[in-house]
file entry.cif (mmCIF, C-alpha atoms)
data_work
#
loop_
_atom_site.label_atom_id
_atom_site.label_comp_id
_atom_site.auth_asym_id
_atom_site.auth_seq_id
_atom_site.Cartn_x
_atom_site.Cartn_y
_atom_site.Cartn_z
CA MET A 220 66.61 -62.19 138.15
CA PRO A 221 68.85 -59.53 139.76
CA ALA A 222 70.78 -60.55 142.84
CA PRO A 223 69.56 -59.16 146.20
CA SER A 224 72.88 -57.34 146.67
CA LEU A 225 72.45 -55.59 143.31
CA ILE A 226 68.91 -54.54 144.20
CA LEU A 227 70.09 -53.22 147.57
CA GLN A 228 72.91 -51.32 145.91
CA THR A 229 70.48 -49.74 143.45
CA LEU A 230 68.19 -48.66 146.27
CA LEU A 231 70.99 -47.22 148.40
CA ARG A 232 72.90 -45.48 145.60
CA PRO A 233 70.79 -42.27 145.70
CA LEU A 234 71.48 -41.93 149.44
CA ALA A 235 75.22 -41.62 148.70
CA ARG A 236 74.76 -38.69 146.31
CA ALA A 237 74.93 -35.17 147.67
CA VAL A 238 72.46 -33.98 145.04
CA THR A 239 69.72 -36.09 146.69
CA TYR A 240 69.88 -33.88 149.77
CA THR A 241 70.28 -30.60 147.90
CA ARG A 242 67.06 -31.45 146.04
CA TRP A 243 65.25 -32.09 149.31
CA LEU A 244 66.65 -28.85 150.75
CA HIS A 245 65.58 -26.93 147.64
CA LEU A 246 62.03 -28.20 148.09
CA VAL A 247 61.84 -27.61 151.85
CA ILE A 248 63.08 -24.01 151.45
CA GLY A 249 59.79 -23.33 149.69
CA ALA A 250 57.98 -23.93 153.00
CA ILE A 251 59.44 -20.75 154.50
CA VAL A 252 56.74 -18.55 152.97
CA PRO A 253 53.66 -20.44 154.28
CA LEU A 254 55.32 -21.06 157.65
CA ALA A 255 56.14 -17.36 158.06
CA GLY A 256 52.62 -16.39 157.00
CA GLY A 257 51.08 -19.04 159.27
CA LEU A 258 52.86 -17.61 162.28
CA VAL A 259 51.02 -14.33 161.68
CA TYR A 260 47.68 -15.90 160.80
CA PRO A 261 46.12 -18.21 161.85
CA GLY A 262 48.98 -18.91 164.25
CA LEU A 263 50.84 -22.18 164.65
CA SER A 264 50.90 -22.59 168.45
CA ASP A 265 48.46 -25.49 168.32
CA PRO A 266 47.69 -25.97 164.63
CA GLY A 267 45.01 -28.24 163.26
CA PRO A 268 44.37 -29.43 159.70
CA LEU A 269 42.35 -26.28 158.90
CA ASP A 270 45.14 -24.04 160.18
CA TRP A 271 47.66 -25.76 157.96
CA LEU A 272 45.30 -25.44 154.99
CA ILE A 273 44.89 -21.71 155.59
CA ALA A 274 48.66 -21.27 155.95
CA ALA A 275 49.16 -23.03 152.62
CA VAL A 276 46.49 -21.12 150.66
CA LEU A 277 46.87 -17.52 151.86
CA PRO A 278 50.33 -16.81 150.32
CA VAL A 279 49.34 -18.10 146.85
CA PRO A 280 48.27 -14.69 145.40
CA LEU A 281 51.45 -13.04 146.70
CA VAL A 282 53.70 -15.75 145.28
CA ALA A 283 51.88 -15.66 141.92
CA ALA A 284 52.31 -11.86 141.80
CA VAL A 285 56.05 -12.17 142.43
CA ALA A 286 56.27 -14.68 139.58
CA LEU A 287 55.06 -11.99 137.16
CA ILE A 288 58.39 -10.17 137.59
CA PRO A 289 60.56 -11.29 134.63
CA SER A 290 63.70 -11.75 136.74
CA ALA A 291 61.87 -14.20 139.04
CA ARG A 292 62.16 -16.87 136.37
CA ARG A 293 65.90 -16.31 136.12
CA ALA A 294 66.32 -16.57 139.89
CA GLU A 295 64.29 -19.77 140.10
CA GLY A 296 66.11 -21.27 137.12
CA LEU A 297 69.54 -20.59 138.60
CA GLN A 298 68.50 -22.11 141.92
CA ALA A 299 67.14 -25.18 140.18
CA ARG A 300 70.32 -25.61 138.14
CA LEU A 301 72.48 -25.41 141.24
CA MET A 302 70.47 -27.60 143.61
CA LEU A 303 68.52 -30.08 141.48
CA PHE A 304 71.16 -31.39 139.10
CA PRO A 305 74.57 -33.03 139.53
CA GLY A 306 77.53 -30.71 139.65
CA LYS A 307 80.67 -30.23 141.69
CA HIS A 308 78.57 -30.34 144.83
CA ALA A 309 77.10 -33.72 143.81
CA ARG A 310 80.43 -35.58 143.92
CA VAL A 311 79.51 -37.58 140.84
CA ARG A 312 81.20 -37.72 137.46
CA GLY A 313 79.73 -37.95 134.02
CA GLY A 314 76.08 -37.08 134.61
CA THR A 315 73.65 -38.38 132.02
CA ALA A 316 71.99 -36.22 129.42
CA ALA A 317 68.86 -36.22 131.59
CA ASP A 318 70.89 -34.61 134.37
CA ASP A 319 72.26 -31.82 132.18
CA ALA A 320 70.97 -28.69 133.87
CA ALA A 321 71.94 -26.26 131.15
CA GLY A 322 70.00 -28.31 128.59
CA GLY A 323 66.83 -28.69 130.61
CA ILE A 324 66.38 -25.57 132.74
CA SER A 325 66.11 -22.04 131.43
CA ALA A 326 67.89 -19.23 133.26
CA SER A 327 66.47 -16.39 131.16
CA PRO A 328 63.95 -13.80 132.33
CA SER A 329 60.33 -14.29 131.38
CA ALA A 330 59.79 -13.11 127.81
CA SER A 331 56.04 -13.79 127.52
CA TRP A 332 52.93 -14.27 129.60
CA THR A 333 53.28 -17.99 129.06
CA ASP A 334 56.66 -17.88 130.77
CA ARG A 335 55.17 -15.87 133.64
CA GLY A 336 52.33 -18.35 134.00
CA ARG A 337 54.69 -21.33 134.08
CA THR A 338 56.88 -19.54 136.61
CA ALA A 339 53.85 -18.86 138.81
CA LEU A 340 52.83 -22.52 138.69
CA TRP A 341 56.37 -23.53 139.58
CA MET A 342 56.63 -21.18 142.56
CA VAL A 343 53.21 -22.23 143.90
CA PHE A 344 54.15 -25.88 143.47
CA ARG A 345 57.45 -25.36 145.23
CA MET A 346 55.73 -23.62 148.12
CA GLU A 347 52.96 -26.20 148.58
CA ALA A 348 55.15 -29.26 147.95
CA GLY A 349 57.80 -27.79 150.25
CA LEU A 350 55.26 -27.37 153.04
CA VAL A 351 54.08 -30.96 152.63
CA ALA A 352 57.66 -32.26 152.55
CA TRP A 353 58.52 -30.25 155.67
CA LEU A 354 55.47 -31.51 157.57
CA LEU A 355 56.11 -35.13 156.62
CA SER A 356 59.83 -34.88 157.43
CA ILE A 357 59.18 -33.41 160.89
CA TRP A 358 56.36 -35.87 161.51
CA LEU A 359 58.50 -38.89 160.58
CA LEU A 360 61.31 -37.70 162.84
CA GLN A 361 58.88 -37.24 165.73
CA CYS A 362 57.45 -40.69 165.00
CA ALA A 363 60.92 -42.16 165.36
CA LEU A 364 61.36 -40.38 168.69
CA VAL A 365 58.00 -41.55 169.99
CA LEU A 366 58.69 -45.17 168.97
CA SER A 367 62.04 -44.89 170.73
CA GLY A 368 60.30 -43.87 173.97
CA VAL A 369 61.08 -40.16 173.79
CA SER A 370 58.21 -37.83 174.73
CA VAL A 371 57.20 -35.24 172.14
CA GLU A 372 55.45 -32.33 173.85
CA GLU A 373 54.24 -30.45 170.75
CA PRO A 374 53.75 -32.89 167.85
CA VAL A 375 53.48 -31.30 164.44
CA LEU A 376 50.46 -33.51 163.70
CA GLU A 377 47.91 -34.81 166.21
CA SER A 378 48.15 -38.34 164.79
CA LEU A 379 51.31 -38.87 166.82
CA THR A 380 49.32 -39.66 169.99
CA PRO A 381 48.32 -43.25 169.06
CA LEU A 382 51.98 -44.03 168.32
CA ALA A 383 52.86 -43.80 172.00
CA SER A 384 51.48 -47.31 172.57
CA ALA A 385 52.59 -48.78 169.22
CA ARG A 386 55.20 -51.49 169.01
CA ALA A 387 56.55 -50.74 165.53
CA PRO A 388 60.36 -50.66 165.13
CA ALA A 389 61.78 -47.18 165.62
CA PRO A 390 63.95 -47.27 162.42
CA LEU A 391 60.90 -47.60 160.17
CA PRO A 392 60.07 -43.85 160.21
CA VAL A 393 63.72 -43.09 159.49
CA LEU A 394 63.66 -45.38 156.44
CA ALA A 395 60.41 -43.77 155.36
CA LEU A 396 62.03 -40.35 155.73
CA LEU A 397 64.96 -41.36 153.52
CA ALA A 398 62.53 -42.68 150.90
CA LEU A 399 60.63 -39.38 151.13
CA VAL A 400 63.84 -37.41 150.59
CA VAL A 401 64.67 -39.37 147.43
CA ALA A 402 61.14 -39.34 146.00
CA ALA A 403 60.51 -35.65 146.77
CA GLY A 404 63.81 -34.66 145.11
CA ARG A 405 63.02 -36.58 141.95
CA LEU A 406 59.53 -35.08 141.79
CA ASP A 407 60.99 -31.60 142.27
CA ARG A 408 63.45 -32.17 139.41
CA ARG A 409 60.78 -33.44 137.01
CA VAL A 410 58.40 -30.56 137.71
CA ALA A 411 61.30 -28.11 137.32
CA ARG A 412 62.03 -29.49 133.86
CA LEU A 413 58.37 -29.19 132.96
CA LEU A 414 57.75 -25.64 134.21
CA LEU A 415 61.23 -24.07 134.05
CA GLY A 416 62.31 -25.72 130.81
CA PRO A 417 63.01 -23.56 127.75
CA SER A 418 59.99 -22.05 126.08
CA VAL A 419 59.21 -22.63 122.41
CA LYS A 420 60.81 -19.29 121.57
CA GLU A 421 63.97 -20.18 123.48
CA ARG A 422 64.14 -23.59 121.83
CA MET A 423 63.80 -22.02 118.39
CA ALA A 424 66.51 -19.47 119.22
CA ALA A 425 68.83 -22.23 120.43
CA LEU A 426 68.11 -24.29 117.31
CA GLU A 427 68.82 -21.32 115.04
CA ASP A 428 72.05 -20.60 116.91
CA ARG A 429 73.15 -24.22 116.59
CA THR A 430 72.29 -24.23 112.88
CA GLU A 431 74.29 -21.06 112.33
CA ARG A 432 77.29 -22.58 114.11
CA LEU A 433 77.07 -25.74 112.00
CA LEU A 434 76.82 -23.69 108.80
CA GLU A 435 79.80 -21.61 109.88
CA ARG A 436 81.84 -24.73 110.58
CA ASN A 437 80.93 -26.17 107.19
CA ARG A 438 81.88 -22.90 105.53
CA ILE A 439 85.25 -22.85 107.31
CA ALA A 440 85.85 -26.48 106.34
CA ARG A 441 85.16 -25.63 102.70
CA GLU A 442 87.49 -22.63 102.92
CA LEU A 443 90.31 -24.78 104.24
CA HIS A 444 89.69 -27.54 101.69
CA ASP A 445 89.58 -25.18 98.73
CA SER A 446 92.47 -22.92 99.73
CA LEU A 447 94.93 -25.48 101.07
CA GLY A 448 93.94 -28.10 98.51
CA HIS A 449 94.59 -25.64 95.69
CA ALA A 450 97.95 -24.59 97.13
CA LEU A 451 99.15 -28.14 97.72
CA THR A 452 98.01 -29.29 94.28
CA LEU A 453 99.89 -26.46 92.58
CA ALA A 454 102.98 -27.15 94.68
CA VAL A 455 102.96 -30.85 93.78
CA VAL A 456 102.38 -30.20 90.07
CA GLN A 457 105.03 -27.46 89.93
CA ALA A 458 107.61 -29.56 91.76
CA GLY A 459 106.98 -32.53 89.47
CA ALA A 460 107.16 -30.39 86.34
CA ALA A 461 110.39 -28.72 87.48
CA ARG A 462 112.04 -32.04 88.19
CA ALA A 463 110.95 -33.46 84.84
CA ALA A 464 112.01 -30.36 82.85
CA GLY A 465 115.56 -30.14 84.19
CA ASP A 466 115.64 -26.46 83.14
CA PRO A 467 117.06 -24.03 85.77
CA GLU A 468 114.97 -21.14 84.44
CA PHE A 469 111.76 -23.18 84.56
CA THR A 470 112.68 -24.42 88.04
CA ASP A 471 113.09 -20.83 89.25
CA ARG A 472 109.66 -19.90 87.89
CA ALA A 473 108.12 -22.99 89.50
CA LEU A 474 109.66 -22.19 92.87
CA ALA A 475 108.42 -18.60 92.66
CA THR A 476 104.91 -19.85 91.91
CA ILE A 477 105.07 -22.32 94.80
CA GLU A 478 106.23 -19.51 97.12
CA GLU A 479 103.45 -17.16 96.04
CA THR A 480 100.78 -19.83 96.32
CA GLY A 481 102.06 -20.93 99.73
CA ARG A 482 101.95 -17.38 101.08
CA ALA A 483 98.37 -16.96 99.88
CA ALA A 484 97.43 -20.26 101.51
CA LEU A 485 99.07 -19.18 104.78
CA GLU A 486 97.05 -15.95 104.74
CA ASP A 487 93.84 -17.93 104.26
CA LEU A 488 94.83 -20.32 107.04
CA GLU A 489 95.56 -17.47 109.44
CA ARG A 490 92.22 -15.85 108.66
CA VAL A 491 90.34 -19.10 109.29
CA LEU A 492 92.22 -19.74 112.53
CA LEU A 493 91.29 -16.27 113.76
CA LEU A 494 87.65 -17.09 113.11
CA LEU A 495 87.95 -20.38 115.00
CA ARG A 496 89.62 -18.75 117.98
CA GLU A 497 86.91 -16.07 118.15
CA THR A 498 89.38 -13.49 119.36
CA GLY A 499 87.14 -10.60 118.31
CA ARG A 500 89.86 -9.24 116.01
CA ARG A 501 89.25 -8.68 112.35
CA PRO A 502 90.65 -11.42 110.12
CA ALA A 503 94.01 -10.77 108.48
CA GLY A 504 92.83 -9.81 105.04
CA ALA A 505 89.42 -10.27 103.49
CA SER A 506 88.47 -13.29 101.44
CA PRO A 507 89.46 -12.87 97.79
CA GLY A 508 86.75 -12.17 95.24
CA LEU A 509 86.21 -13.16 91.65
CA ASP A 510 87.83 -9.91 90.50
CA GLU A 511 91.13 -11.55 91.58
CA ALA A 512 90.56 -14.51 89.26
CA ALA A 513 93.64 -13.54 87.23
CA ARG A 514 95.81 -14.76 90.10
CA LEU A 515 94.19 -18.20 89.95
CA LEU A 516 94.54 -18.39 86.18
CA ASP A 517 98.21 -17.39 86.31
CA SER A 518 98.88 -20.02 89.00
CA ALA A 519 97.25 -22.69 86.85
CA ARG A 520 99.23 -21.59 83.78
CA SER A 521 102.51 -21.62 85.70
CA SER A 522 101.87 -25.27 86.61
CA GLY A 523 101.88 -26.22 82.94
CA ALA A 524 98.15 -26.08 82.17
CA ARG A 525 97.11 -24.23 79.02
CA VAL A 526 94.31 -22.05 80.34
CA GLU A 527 92.10 -20.15 77.90
CA ALA A 528 89.93 -17.66 79.76
CA GLU A 529 87.05 -15.53 78.52
CA ILE A 530 85.54 -13.07 80.98
CA THR A 531 82.43 -11.11 80.03
CA GLY A 532 81.01 -8.43 82.29
CA THR A 533 82.33 -6.33 85.16
CA LEU A 534 83.41 -8.62 88.00
CA GLU A 535 84.14 -5.71 90.37
CA ASP A 536 80.41 -4.90 90.56
CA LEU A 537 79.37 -8.36 91.76
CA PRO A 538 77.81 -8.62 95.24
CA GLY A 539 80.42 -9.48 97.87
CA PRO A 540 79.10 -12.93 98.86
CA VAL A 541 78.64 -13.99 95.24
CA SER A 542 82.11 -12.77 94.27
CA ARG A 543 83.84 -14.55 97.16
CA GLU A 544 82.00 -17.83 96.71
CA ALA A 545 82.50 -17.77 92.92
CA TYR A 546 86.24 -17.30 93.49
CA ARG A 547 86.34 -20.42 95.67
CA MET A 548 84.32 -22.37 93.09
CA LEU A 549 86.71 -21.37 90.31
CA GLN A 550 89.66 -22.27 92.55
CA GLU A 551 88.25 -25.73 93.26
CA ALA A 552 87.40 -26.35 89.59
CA LEU A 553 90.95 -25.48 88.50
CA THR A 554 92.38 -27.58 91.33
CA ASN A 555 90.34 -30.58 90.20
CA ALA A 556 91.53 -30.12 86.63
CA LEU A 557 95.20 -30.02 87.69
CA ARG A 558 94.88 -32.83 90.20
CA HIS A 559 92.99 -35.34 88.08
CA ALA A 560 93.87 -34.38 84.50
CA GLY A 561 97.33 -32.86 84.78
CA PRO A 562 98.68 -30.14 82.42
CA VAL A 563 95.84 -30.28 79.89
CA PRO A 564 94.06 -27.44 78.11
CA VAL A 565 91.51 -25.81 80.41
CA ASP A 566 88.71 -23.62 79.06
CA VAL A 567 87.34 -21.05 81.53
CA ARG A 568 84.26 -18.98 80.74
CA VAL A 569 82.96 -16.34 83.18
CA THR A 570 79.85 -14.40 82.18
CA ALA A 571 78.27 -11.74 84.38
CA ASP A 572 75.18 -9.76 83.43
CA ASP A 573 72.47 -7.94 85.35
CA THR A 574 70.64 -11.07 86.54
CA ARG A 575 73.10 -13.93 86.86
CA LEU A 576 76.69 -15.08 86.95
CA ARG A 577 77.76 -18.16 85.01
CA LEU A 578 81.02 -19.97 85.57
CA LEU A 579 82.11 -22.78 83.24
CA VAL A 580 85.37 -24.71 83.55
CA ALA A 581 86.02 -27.53 81.07
CA ASN A 582 89.01 -29.72 80.30
CA PRO A 583 89.59 -32.90 78.23
CA LEU A 584 90.21 -36.11 80.09
CA PRO A 585 93.67 -37.60 79.60
CA GLU A 586 93.84 -40.78 77.58
CA GLY A 587 93.86 -44.04 79.51
CA ARG A 588 92.51 -42.47 82.72
CA PRO A 589 89.00 -43.47 83.81
CA PRO A 590 86.66 -40.53 84.38
CA ALA A 591 85.83 -39.61 87.93
CA VAL A 592 82.39 -40.42 89.26
CA PRO A 593 80.33 -37.20 89.07
CA GLY A 594 79.85 -35.68 92.50
CA SER A 595 82.09 -38.18 94.27
CA GLY A 596 84.64 -35.67 95.59
CA SER A 597 84.27 -33.40 98.58
CA GLY A 598 85.38 -30.43 96.46
CA LEU A 599 82.55 -30.90 93.97
CA ARG A 600 80.12 -31.36 96.84
CA GLY A 601 81.42 -28.10 98.30
CA ILE A 602 80.80 -26.33 94.98
CA ARG A 603 77.20 -27.55 94.93
CA GLU A 604 76.69 -26.48 98.55
CA ARG A 605 78.07 -23.01 97.90
CA ALA A 606 75.83 -22.61 94.85
CA ALA A 607 72.74 -23.82 96.74
CA LEU A 608 73.35 -21.39 99.61
CA LEU A 609 73.31 -18.53 97.09
CA GLY A 610 70.16 -19.80 95.40
CA GLY A 611 71.97 -21.10 92.33
CA GLN A 612 72.93 -24.49 90.99
CA ALA A 613 76.06 -26.35 89.98
CA THR A 614 76.48 -29.39 87.76
CA SER A 615 79.52 -31.47 86.83
CA GLY A 616 80.15 -34.46 84.65
CA VAL A 617 81.72 -35.93 81.50
CA LYS A 618 80.41 -35.38 77.97
CA ASP A 619 82.22 -36.41 74.78
CA GLY A 620 85.48 -36.92 76.67
CA THR A 621 85.38 -33.50 78.32
CA TRP A 622 84.94 -32.89 82.03
CA SER A 623 83.07 -29.70 82.88
CA VAL A 624 81.89 -27.81 85.95
CA ASP A 625 78.98 -25.47 85.23
CA VAL A 626 77.78 -23.02 87.90
CA THR A 627 74.95 -20.51 87.65
CA LEU A 628 74.37 -17.95 90.43
CA PRO A 629 71.54 -15.40 90.57
CA LEU A 630 72.47 -11.77 91.13
CA ARG A 631 68.97 -10.58 92.09
#
call {"tool": "encode", "arguments": {"input": "entry.cif", "output": "structure tokens"}}
result
Amino acid sequence: MPAPSLILQTLLRPLARAVTYTRWLHLVIGAIVPLAGGLVYPGLSDPGPLDWLIAAVLPVPLVAAVALIPSARRAEGLQARLMLFPGKHARVRGGTAADDAAGGISASPSASWTDRGRTALWMVFRMEAGLVAWLLSIWLLQCALVLSGVSVEEPVLESLTPLASARAPAPLPVLALLALVVAAGRLDRRVARLLLGPSVKERMAALEDRTERLLERNRIARELHDSLGHALTLAVVQAGAARAAGDPEFTDRALATIEETGRAALEDLERVLLLLRETGRRPAGASPGLDEAARLLDSARSSGARVEAEITGTLEDLPGPVSREAYRMLQEALTNALRHAGPVPVDVRVTADDTRLRLLVANPLPEGRPPAVPGSGSGLRGIRERAALLGGQATSGVKDGTWSVDVTLPLR
């Protein structure tokens, strides 16, 4: 069972938060409209219950009409974000997800009649609940004065008269007022989330935007993996081959290949970093396409691999997305062959016709080396993801001692 001190601390904690009082203020501000209208009619010099009822009901059509203006929803949403949820004014750190204003309150103009209807309900609620909160707050303060022996000439409610002879402790109305402030603020926040929360259309738009960002991040991650992985693999293979050969001429060729591959990788890295920074500038150089496959094949050959390539069809006429993604798939397939099999014969077949593009990369497995588990690497997973995004398919595996990567992409 919780200790009494812990219970007391839990009860008093909301009273130490500035947002508790901004919530109460946000609600009480809504009473301005019925109070101003009540001063005109029926008059609030000596109001009774009927007068207060009339003052509360008469402004409803006007408030509902104002809510039909699209910008009214934006104004109410911004006010709710500022005054109902923790922020710099709240003097608290690390608000919970439930207190995240941006995630729970919309600040966009009304885009449909449903939004206008919800805004109208919110504004009417804020007006009526604000009037009730104002009346109860003033009444509780006057109760405290009466119980303290102070005369109240014009009580806000007639029920104050019997309190003149009561013997209740004067602090009780003050405690009740503090409880009212906390409870009214929490009610205001919950109703705001219900009526000013994002509409279905806004939620779908936010979900689509988040999905696009995730897809873009995955695409950038694949770009970095394929480009830098290919460059580093070639550099390692070339350096090892040059050291083993001991031939100055071969070493010079290897260093030239490493330099060329490194520069290409730096260009890809700079382009990706520009995308991540979102500077608005165009990337430095476009992504390479499959029509530049000769560069990949030459890099693989310079590392010691015996690459036999057969290209059928016109690669320059391929659609841009297909050409770029196919280039990355070929790059990753060659990188895998060099990384896991070493300088072995590699057979590359590229076939492009009117309806599809087929890419096949095959190489024998070196003796004494266990075959890789199909699909276990992130590069192979990236190839399958690229193919799936383009509506194609990619398979990889070992058959008769030969490892192959087979990709088919539709062109229509």
call {"tool": "atom_distance", "arguments": {"input": "entry.cif", "atom1": "atom CA of Asp625 of chain A", "atom2": "atom CA of Ala613 of chain A"}}
result
5.6 Å
call {"tool": "closest_residue", "arguments": {"input": "entry.cif", "among": "A:Leu396, A:Leu415, A:Val252, A:Val247", "to": "Arg300 of chain A", "atoms": "only C-alpha atoms"}}
result
A:Leu415
call {"tool": "atom_distance", "arguments": {"input": "entry.cif", "atom1": "atom CA of Thr338 of chain A", "atom2": "atom CA of Glu295 of chain A"}}
result
8.2 Å
call {"tool": "closest_residue", "arguments": {"input": "entry.cif", "among": "A:Pro388, A:Tyr546, A:Arg242, A:Ala519", "to": "Val401 of chain A", "atoms": "all atoms listed in the file"}}
result
A:Arg242
call {"tool": "residues_around", "arguments": {"input": "entry.cif", "residues": "Ala286 of chain A", "least_positions_apart": "5", "cutoff": "12 Å", "atoms": "only C-alpha atoms", "output": "VMD selection string"}}
result
chain A and resid 279 to 281 291 to 295 328 to 329 332 to 343 415
call {"tool": "residues_around", "arguments": {"input": "entry.cif", "residues": "segment 232-239 of chain A", "least_positions_apart": "2", "cutoff": "7 Å", "atoms": "all atoms listed in the file", "output": "list in words"}}
result
Gln228, Thr229, Leu230, Thr241, Arg242, Trp243, Met302, Leu303, Phe304, Pro305, His308, Ala309, Arg310, Val401 and Gly404 of chain A
call {"tool": "write_last_selection", "arguments": {"input": "entry.cif", "atoms": "C-alpha atoms", "output": "short mmCIF file (atom, residue, chain, number, x, y, z; two decimals), keeping the file's coordinate frame"}}
result
data_model
loop_
_atom_site.label_atom_id
_atom_site.label_comp_id
_atom_site.auth_asym_id
_atom_site.auth_seq_id
_atom_site.Cartn_x
_atom_site.Cartn_y
_atom_site.Cartn_z
CA GLN A 228 72.91 -51.32 145.91
CA THR A 229 70.48 -49.74 143.45
CA LEU A 230 68.19 -48.66 146.27
CA THR A 241 70.28 -30.60 147.90
CA ARG A 242 67.06 -31.45 146.04
CA TRP A 243 65.25 -32.09 149.31
CA MET A 302 70.47 -27.60 143.61
CA LEU A 303 68.52 -30.08 141.48
CA PHE A 304 71.16 -31.39 139.10
CA PRO A 305 74.57 -33.03 139.53
CA HIS A 308 78.57 -30.34 144.83
CA ALA A 309 77.10 -33.72 143.81
CA ARG A 310 80.43 -35.58 143.92
CA VAL A 401 64.67 -39.37 147.43
CA GLY A 404 63.81 -34.66 145.11
#
call {"tool": "resolve_selection", "arguments": {"input": "entry.cif", "expression": "the PyMOL selection byres ((chain A and resi 349) around 7)", "output": "ChimeraX atom specification"}}
result
/A:246-250,345-348,350-353
call {"tool": "write_last_selection", "arguments": {"input": "entry.cif", "atoms": "C-alpha atoms", "output": "CSV table (one decimal), keeping the file's coordinate frame"}}
result
chain,number,residue,atom,x,y,z
A,246,LEU,CA,62.0,-28.2,148.1
A,247,VAL,CA,61.8,-27.6,151.8
A,248,ILE,CA,63.1,-24.0,151.4
A,249,GLY,CA,59.8,-23.3,149.7
A,250,ALA,CA,58.0,-23.9,153.0
A,345,ARG,CA,57.4,-25.4,145.2
A,346,MET,CA,55.7,-23.6,148.1
A,347,GLU,CA,53.0,-26.2,148.6
A,348,ALA,CA,55.2,-29.3,148.0
A,350,LEU,CA,55.3,-27.4,153.0
A,351,VAL,CA,54.1,-31.0,152.6
A,352,ALA,CA,57.7,-32.3,152.6
A,353,TRP,CA,58.5,-30.2,155.7
call {"tool": "residues_around", "arguments": {"input": "entry.cif", "residues": "Arg520 of chain A", "least_positions_apart": "2", "cutoff": "12 Å", "atoms": "only C-alpha atoms", "output": "PyMOL selection string"}}
result
chain A and resi 453+456-457+472-473+476+513-518+522-528+553-554+556-557+561-566
call {"tool": "closest_residue", "arguments": {"input": "entry.cif", "among": "A:Pro390, A:Gly416, A:Gly532, A:Gly368", "to": "Asp572 of chain A", "atoms": "only C-alpha atoms"}}
result
A:Gly532
call {"tool": "closest_residue", "arguments": {"input": "entry.cif", "among": "A:Pro467, A:Met548, A:His559, A:Ala571", "to": "Val624 of chain A", "atoms": "only C-alpha atoms"}}
result
A:Met548
call {"tool": "resolve_selection", "arguments": {"input": "entry.cif", "expression": "the PyMOL selection byres ((chain A and resi 266) around 12)", "output": "list in words"}}
result
Leu254, Gly257, Leu258, Tyr260, Pro261, Gly262, Leu263, Ser264, Asp265, Gly267, Pro268, Leu269, Asp270, Trp271, Leu272, Ile273, Ala274, Leu354, Glu373, Pro374, Val375, Leu376 and Glu377 of chain A
call {"tool": "closest_residue", "arguments": {"input": "entry.cif", "among": "A:Asn582, A:Gly481, A:Val626, A:Glu529", "to": "Arg547 of chain A", "atoms": "all atoms listed in the file"}}
result
A:Val626
call {"tool": "atom_distance", "arguments": {"input": "entry.cif", "atom1": "atom CA of Ala283 of chain A", "atom2": "atom CA of Tyr240 of chain A"}}
result
26.8 Å
call {"tool": "resolve_selection", "arguments": {"input": "entry.cif", "expression": "the PyMOL selection byres ((chain A and resi 393) around 10)", "output": "VMD selection string"}}
result
chain A and resid 356 359 to 364 389 to 392 394 to 399
call {"tool": "closest_residue", "arguments": {"input": "entry.cif", "among": "A:Leu576, A:Ala326, A:Ala450, A:Leu231", "to": "Pro538 of chain A", "atoms": "only C-alpha atoms"}}
result
A:Leu576
call {"tool": "axis_aligned_box", "arguments": {"input": "entry.cif", "around": "segment 336-348 of chain A", "padding_each_side": "4 Å", "output": "lines of an AutoDock Vina configuration file"}}
result
center_x = 54.9
center_y = -23.8
center_z = 141.3
size_x = 13.1
size_y = 18.9
size_z = 22.6
call {"tool": "decode", "arguments": {"input": "entry.cif", "residues": "segment 389-397 of chain A", "atoms": "N, CA and C atoms", "output": "mmCIF file, in the first residue's frame"}}
result
data_model
loop_
_atom_site.group_PDB
_atom_site.id
_atom_site.type_symbol
_atom_site.label_atom_id
_atom_site.label_comp_id
_atom_site.auth_asym_id
_atom_site.auth_seq_id
_atom_site.Cartn_x
_atom_site.Cartn_y
_atom_site.Cartn_z
ATOM 1 N N ALA A 389 -12.878 27.647 6.410
ATOM 2 C CA ALA A 389 -12.734 28.521 5.248
ATOM 3 C C ALA A 389 -11.840 27.942 4.160
ATOM 4 N N PRO A 390 -10.763 27.153 4.492
ATOM 5 C CA PRO A 390 -9.907 26.627 3.416
ATOM 6 C C PRO A 390 -10.577 25.588 2.532
ATOM 7 N N LEU A 391 -11.691 25.006 2.946
ATOM 8 C CA LEU A 391 -12.310 23.960 2.135
ATOM 9 C C LEU A 391 -12.686 24.442 0.732
ATOM 10 N N PRO A 392 -13.304 25.611 0.579
ATOM 11 C CA PRO A 392 -13.591 26.082 -0.794
ATOM 12 C C PRO A 392 -12.333 26.316 -1.617
ATOM 13 N N VAL A 393 -11.256 26.729 -0.951
ATOM 14 C CA VAL A 393 -10.005 26.932 -1.686
ATOM 15 C C VAL A 393 -9.466 25.601 -2.201
ATOM 16 N N LEU A 394 -9.515 24.564 -1.367
ATOM 17 C CA LEU A 394 -9.083 23.236 -1.804
ATOM 18 C C LEU A 394 -9.975 22.725 -2.940
ATOM 19 N N ALA A 395 -11.273 22.988 -2.808
ATOM 20 C CA ALA A 395 -12.187 22.583 -3.877
ATOM 21 C C ALA A 395 -11.877 23.326 -5.170
ATOM 22 N N LEU A 396 -11.490 24.602 -5.054
ATOM 23 C CA LEU A 396 -11.136 25.378 -6.243
ATOM 24 C C LEU A 396 -9.892 24.804 -6.920
ATOM 25 N N LEU A 397 -8.888 24.436 -6.130
ATOM 26 C CA LEU A 397 -7.681 23.843 -6.708
ATOM 27 C C LEU A 397 -7.997 22.520 -7.401
#
